[in-house]
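S.K.: I have a structure here, written as structure tokens, and I will follow up with some questions on it.
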Amino acid sequence: GEKLDTGLQKTKKTWSERWNAFMANFRSVDEDFFDDLEETLIGADVGAQTALQLTDELRDEVKLQNAKSKQEISEVIIDKLVDLYRSQGVNEDASMHFAPEGPTVILLVGVNGVGKTTTIGKLSAYYKRAGKKVVLAAADTFRAGATEQLVAWGERNDIPVVTGSSKADPASVVFDGVKTAIDTQADILFVDTAGRLQNNVNLMQELSKMKRIITRELPNEPQEVLLTLDATTGQNAVQQAKLFKDSTDVTGIVLTKLDGTAKGGIVLPIRNELHLPVKWVGLGEKVTDIQPFEANDFAKSLFG
Ligand code: GDP
């Protein structure tokens, strides 16, 4: 898509600059070559573990295909990278899950500032356009302004927002949100949560309390716990994902701010090392700047 191409421009530019610089130095396929390749991959935010794995696989592949010339080597490597982006999609479920009956609850988790509230604004409009009845719950009662921000998104999209007082127990807002969703026969309830990560135990307790309330009032667990990650933070985002994955059952990733960064390469370690499907990508601040993640399109935009 055009929006994805535009959103990935910075990543693509940096990636091709690094790549061209690397290949400009090409002399022959020796151990130095593979060391430099590994470093180039790390520089492209692929992460150390994934870069090492890729380099090992490429060493085998180059031998297997008996690639020698600059052109041949370049083709083998790009094919392999595109493959890695794509093949992840085969074993993962990047689709959104909906409750067979009653409202579907979608929790957004992640540290402050990654774009949870904005993502709910975008996703709620997306599903409203698709004909779904949507309700929002402002359970981030911790960050000043979070509730007002969500209410503003609700007004803009004409979607009801359930709020609590500042510093109210987030679980009570979730409770009110679930009640409203049931009473108004809504299809989807989006829950904005606070992103405190200083204390893993607190986070875990707060999230499990919310989930307990949801499962008490509705027949199912929340259908989605979407971890929002800010792509501009690169490897930090991967670290955050590890912590959240240990604290709660994350069902998928929303990768935001891809438009503002050259670090789009972090899609690979997120999927390759954490085995979490990227379900959505954020490509700007406007309501329509969000897209379902599609591995093929992503690879095509980067290498096409
Ligand atoms: P929260 O604390 O996780 O709820 O984060 P917010 O939703 O308040 O977002 C923090 C900032 O990031 C805001 O200025 C948003 O406009 C901005 N933002 C969120 N998503 C995107 C995105 O995909 N692209 C860009 N460029 N900015 C974004």
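In the structure tokens, each chain is lettered A, B, ... as it comes, each chain's residues begin at 1, and ligands are numbered from 1 in order of appearance.
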Residues within 6 Å of ligand 1 (only C-alpha atoms and all ligand atoms), as a list of chain:residue names?
M.R.: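 Checking only C-alpha atoms and all ligand atoms against ligand 1 at 6 Å gives A:Asn112, A:Gly113, A:Val114, A:Gly115, A:Lys116, A:Thr117, A:Thr118, A:Thr256, A:Lys257, A:Asp259, A:Gly260, A:Gly282, A:Leu283, A:Gly284, A:Glu285.
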S.K.: Residues of segment 53-254 of chain A in strand (DSSP E or B) according to DSSP, as a list in words?
M.R.: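 Result set for segment 53-254 of chain A (strand (DSSP E or B)): Thr104, Val105, Ile106, Leu107, Leu108, Val109, Val134, Val135, Leu136, Ala137, Ala138, Val161, Val162, Ile188, Leu189, Phe190, Val191, Asp192, Glu224, Val225, Leu226, Leu227, Thr228, Leu229, Asp230, Gly252, Ile253 and Val254 of chain A.
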S.K.: Here is a test: counting only C-alpha atoms, which residue of A:Gln49, A:Leu258, A:Pro292, A:Glu101 is nearest to Asp5 of chain A?
M.R.: A:Leu258
S.K.: Give me, as a VMD selection string, all polymer residues having an atom no more than 6 Å from segment 223-238 of chain A, counting only C-alpha atoms and skipping those fewer than 3 positions away in the same chain.
M.R.: chain A and resid 97 105 to 110 114 241 250 to 258 261 263
S.K.: Could those residues be written to a file, using N, CA, C and O atoms, as a PDB file, in the first residue's frame?
M.R.:
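File selection_23.pdb, as written:
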ATOM      1  N   HIS A  97      -9.050 -11.460  17.241  1.00  0.00           N
ATOM      2  CA  HIS A  97     -10.015 -12.456  17.723  1.00  0.00           C
ATOM      3  C   HIS A  97     -11.238 -11.777  18.328  1.00  0.00           C
ATOM      4  O   HIS A  97     -11.107 -10.828  19.092  1.00  0.00           O
ATOM      5  N   VAL A 105     -13.554  -7.810  24.346  1.00  0.00           N
ATOM      6  CA  VAL A 105     -12.769  -6.829  25.094  1.00  0.00           C
ATOM      7  C   VAL A 105     -11.344  -6.804  24.560  1.00  0.00           C
ATOM      8  O   VAL A 105     -10.693  -7.842  24.439  1.00  0.00           O
ATOM      9  N   ILE A 106     -10.890  -5.617  24.218  1.00  0.00           N
ATOM     10  CA  ILE A 106      -9.527  -5.444  23.700  1.00  0.00           C
ATOM     11  C   ILE A 106      -8.767  -4.508  24.638  1.00  0.00           C
ATOM     12  O   ILE A 106      -9.112  -3.332  24.768  1.00  0.00           O
ATOM     13  N   LEU A 107      -7.771  -5.074  25.331  1.00  0.00           N
ATOM     14  CA  LEU A 107      -6.959  -4.275  26.261  1.00  0.00           C
ATOM     15  C   LEU A 107      -5.724  -3.763  25.544  1.00  0.00           C
ATOM     16  O   LEU A 107      -5.063  -4.515  24.839  1.00  0.00           O
ATOM     17  N   LEU A 108      -5.404  -2.496  25.738  1.00  0.00           N
ATOM     18  CA  LEU A 108      -4.145  -1.942  25.208  1.00  0.00           C
ATOM     19  C   LEU A 108      -3.192  -1.746  26.369  1.00  0.00           C
ATOM     20  O   LEU A 108      -3.519  -1.034  27.318  1.00  0.00           O
ATOM     21  N   VAL A 109      -2.042  -2.407  26.308  1.00  0.00           N
ATOM     22  CA  VAL A 109      -1.033  -2.240  27.360  1.00  0.00           C
ATOM     23  C   VAL A 109       0.262  -1.729  26.747  1.00  0.00           C
ATOM     24  O   VAL A 109       0.473  -1.826  25.534  1.00  0.00           O
ATOM     25  N   GLY A 110       1.140  -1.196  27.602  1.00  0.00           N
ATOM     26  CA  GLY A 110       2.410  -0.643  27.117  1.00  0.00           C
ATOM     27  C   GLY A 110       2.810   0.543  27.977  1.00  0.00           C
ATOM     28  O   GLY A 110       1.962   1.104  28.683  1.00  0.00           O
ATOM     29  N   VAL A 114       3.862   5.462  24.385  1.00  0.00           N
ATOM     30  CA  VAL A 114       4.090   4.633  23.199  1.00  0.00           C
ATOM     31  C   VAL A 114       2.983   4.788  22.153  1.00  0.00           C
ATOM     32  O   VAL A 114       3.184   4.461  20.981  1.00  0.00           O
ATOM     33  N   ALA A 241       8.905  -5.545  25.428  1.00  0.00           N
ATOM     34  CA  ALA A 241       8.050  -6.670  25.029  1.00  0.00           C
ATOM     35  C   ALA A 241       8.357  -7.894  25.900  1.00  0.00           C
ATOM     36  O   ALA A 241       7.451  -8.609  26.315  1.00  0.00           O
ATOM     37  N   VAL A 250       0.148 -11.542  26.479  1.00  0.00           N
ATOM     38  CA  VAL A 250       0.029 -10.637  25.343  1.00  0.00           C
ATOM     39  C   VAL A 250      -0.409 -11.456  24.121  1.00  0.00           C
ATOM     40  O   VAL A 250       0.131 -12.530  23.865  1.00  0.00           O
ATOM     41  N   THR A 251      -1.422 -10.949  23.389  1.00  0.00           N
ATOM     42  CA  THR A 251      -1.886 -11.701  22.213  1.00  0.00           C
ATOM     43  C   THR A 251      -1.333 -11.127  20.911  1.00  0.00           C
ATOM     44  O   THR A 251      -1.402 -11.775  19.870  1.00  0.00           O
ATOM     45  N   GLY A 252      -0.799  -9.906  20.981  1.00  0.00           N
ATOM     46  CA  GLY A 252      -0.265  -9.325  19.751  1.00  0.00           C
ATOM     47  C   GLY A 252       0.355  -7.963  20.001  1.00  0.00           C
ATOM     48  O   GLY A 252       0.248  -7.405  21.096  1.00  0.00           O
ATOM     49  N   ILE A 253       1.002  -7.452  18.967  1.00  0.00           N
ATOM     50  CA  ILE A 253       1.739  -6.195  19.061  1.00  0.00           C
ATOM     51  C   ILE A 253       1.122  -5.131  18.154  1.00  0.00           C
ATOM     52  O   ILE A 253       0.721  -5.430  17.030  1.00  0.00           O
ATOM     53  N   VAL A 254       1.059  -3.906  18.674  1.00  0.00           N
ATOM     54  CA  VAL A 254       0.820  -2.742  17.817  1.00  0.00           C
ATOM     55  C   VAL A 254       2.146  -1.985  17.770  1.00  0.00           C
ATOM     56  O   VAL A 254       2.653  -1.568  18.806  1.00  0.00           O
ATOM     57  N   LEU A 255       2.718  -1.865  16.603  1.00  0.00           N
ATOM     58  CA  LEU A 255       3.998  -1.159  16.466  1.00  0.00           C
ATOM     59  C   LEU A 255       3.715   0.235  15.924  1.00  0.00           C
ATOM     60  O   LEU A 255       3.310   0.392  14.772  1.00  0.00           O
ATOM     61  N   THR A 256       3.910   1.252  16.796  1.00  0.00           N
ATOM     62  CA  THR A 256       3.547   2.625  16.427  1.00  0.00           C
ATOM     63  C   THR A 256       4.745   3.423  15.919  1.00  0.00           C
ATOM     64  O   THR A 256       5.896   3.014  16.094  1.00  0.00           O
ATOM     65  N   LYS A 257       4.457   4.557  15.343  1.00  0.00           N
ATOM     66  CA  LYS A 257       5.434   5.585  14.950  1.00  0.00           C
ATOM     67  C   LYS A 257       6.461   5.090  13.935  1.00  0.00           C
ATOM     68  O   LYS A 257       7.582   5.591  13.903  1.00  0.00           O
ATOM     69  N   LEU A 258       6.067   4.130  13.125  1.00  0.00           N
ATOM     70  CA  LEU A 258       6.975   3.664  12.075  1.00  0.00           C
ATOM     71  C   LEU A 258       7.304   4.784  11.098  1.00  0.00           C
ATOM     72  O   LEU A 258       8.358   4.789  10.470  1.00  0.00           O
ATOM     73  N   THR A 261      10.620   6.897  12.095  1.00  0.00           N
ATOM     74  CA  THR A 261      11.843   6.205  12.470  1.00  0.00           C
ATOM     75  C   THR A 261      12.469   5.439  11.308  1.00  0.00           C
ATOM     76  O   THR A 261      11.795   5.085  10.353  1.00  0.00           O
ATOM     77  N   LYS A 263      13.981   2.699  12.260  1.00  0.00           N
ATOM     78  CA  LYS A 263      14.176   1.455  12.988  1.00  0.00           C
ATOM     79  C   LYS A 263      13.116   0.393  12.710  1.00  0.00           C
ATOM     80  O   LYS A 263      12.828  -0.451  13.576  1.00  0.00           O
TER      81      LYS A 263
END
S.K.: Can you tell me which residues surround Val161 of chain A at a distance of at most 8 Å, considering only C-alpha atoms, apart from same-chain residues fewer than 6 positions away, and format the answer as a list in words?
M.R.: Val135, Leu136, Ala137, Ala138, Leu150, Val151 and Gly154 of chain A
S.K.: The selected residues should be written to file as a CSV table (one decimal), in the first residue's frame (atoms: N, CA, C and O atoms).
M.R.:
chain,number,residue,atom,x,y,z
A,135,VAL,N,-17.3,0.8,22.3
A,135,VAL,CA,-17.3,1.6,23.6
A,135,VAL,C,-15.8,1.7,24.1
A,135,VAL,O,-15.1,0.7,23.9
A,136,LEU,N,-15.4,2.8,24.7
A,136,LEU,CA,-14.1,2.9,25.2
A,136,LEU,C,-14.1,3.1,26.7
A,136,LEU,O,-15.0,3.7,27.2
A,137,ALA,N,-13.1,2.5,27.4
A,137,ALA,CA,-13.0,2.7,28.8
A,137,ALA,C,-11.6,3.3,29.1
A,137,ALA,O,-10.6,2.8,28.7
A,138,ALA,N,-11.7,4.4,29.8
A,138,ALA,CA,-10.4,5.2,30.1
A,138,ALA,C,-9.8,4.7,31.4
A,138,ALA,O,-9.9,5.4,32.5
A,150,LEU,N,-8.6,10.5,25.7
A,150,LEU,CA,-9.5,9.5,25.1
A,150,LEU,C,-10.9,10.0,24.9
A,150,LEU,O,-11.6,9.7,23.9
A,151,VAL,N,-11.4,10.9,25.8
A,151,VAL,CA,-12.7,11.5,25.6
A,151,VAL,C,-12.7,12.3,24.3
A,151,VAL,O,-13.7,12.3,23.6
A,154,GLY,N,-13.1,10.0,21.5
A,154,GLY,CA,-14.5,9.6,21.5
A,154,GLY,C,-15.5,10.6,20.8
A,154,GLY,O,-16.3,10.2,20.0
S.K.: Between A:Val111, A:Lys133, A:Ile120, A:Glu38, which is the closest to Leu203 of chain A once you count only C-alpha atoms?
M.R.: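 Of A:Val111, A:Lys133, A:Ile120, A:Glu38, the one nearest Leu203 of chain A, counting only C-alpha atoms, is A:Val111.
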S.K.: Compile the contact shell of Ile77 of chain A as a ChimeraX atom specification: residues with an atom at most 10 Å away, counting only C-alpha atoms, same-chain residues fewer than 2 positions apart removed.
M.R.: /A:37,54-55,57-59,61-62,72-75,79-83
S.K.: Within 9 Å of Glu294 of chain A, counting only C-alpha atoms, which residues show up once you throw out same-chain ones fewer than 6 positions away? Write them as a list in words, please.
M.R.: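 Listing them by chain and then by number gives Arg86, Gly89, Ala94, Val278, Lys279 and Trp280 of chain A.
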S.K.: Mind pulling up the distance from atom CA of Asp192 of chain A to atom CA of Thr248 of chain A?
M.R.: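 One can read the atom CA of Thr248 of chain A to atom CA of Asp192 of chain A distance as 15.4 Å.
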S.K.: Would you please work out which residue, of A:Ser95, A:Asn220, A:Ser208, A:Thr40, is nearest to Phe293 of chain A when using only C-alpha atoms?
M.R.: A:Ser95
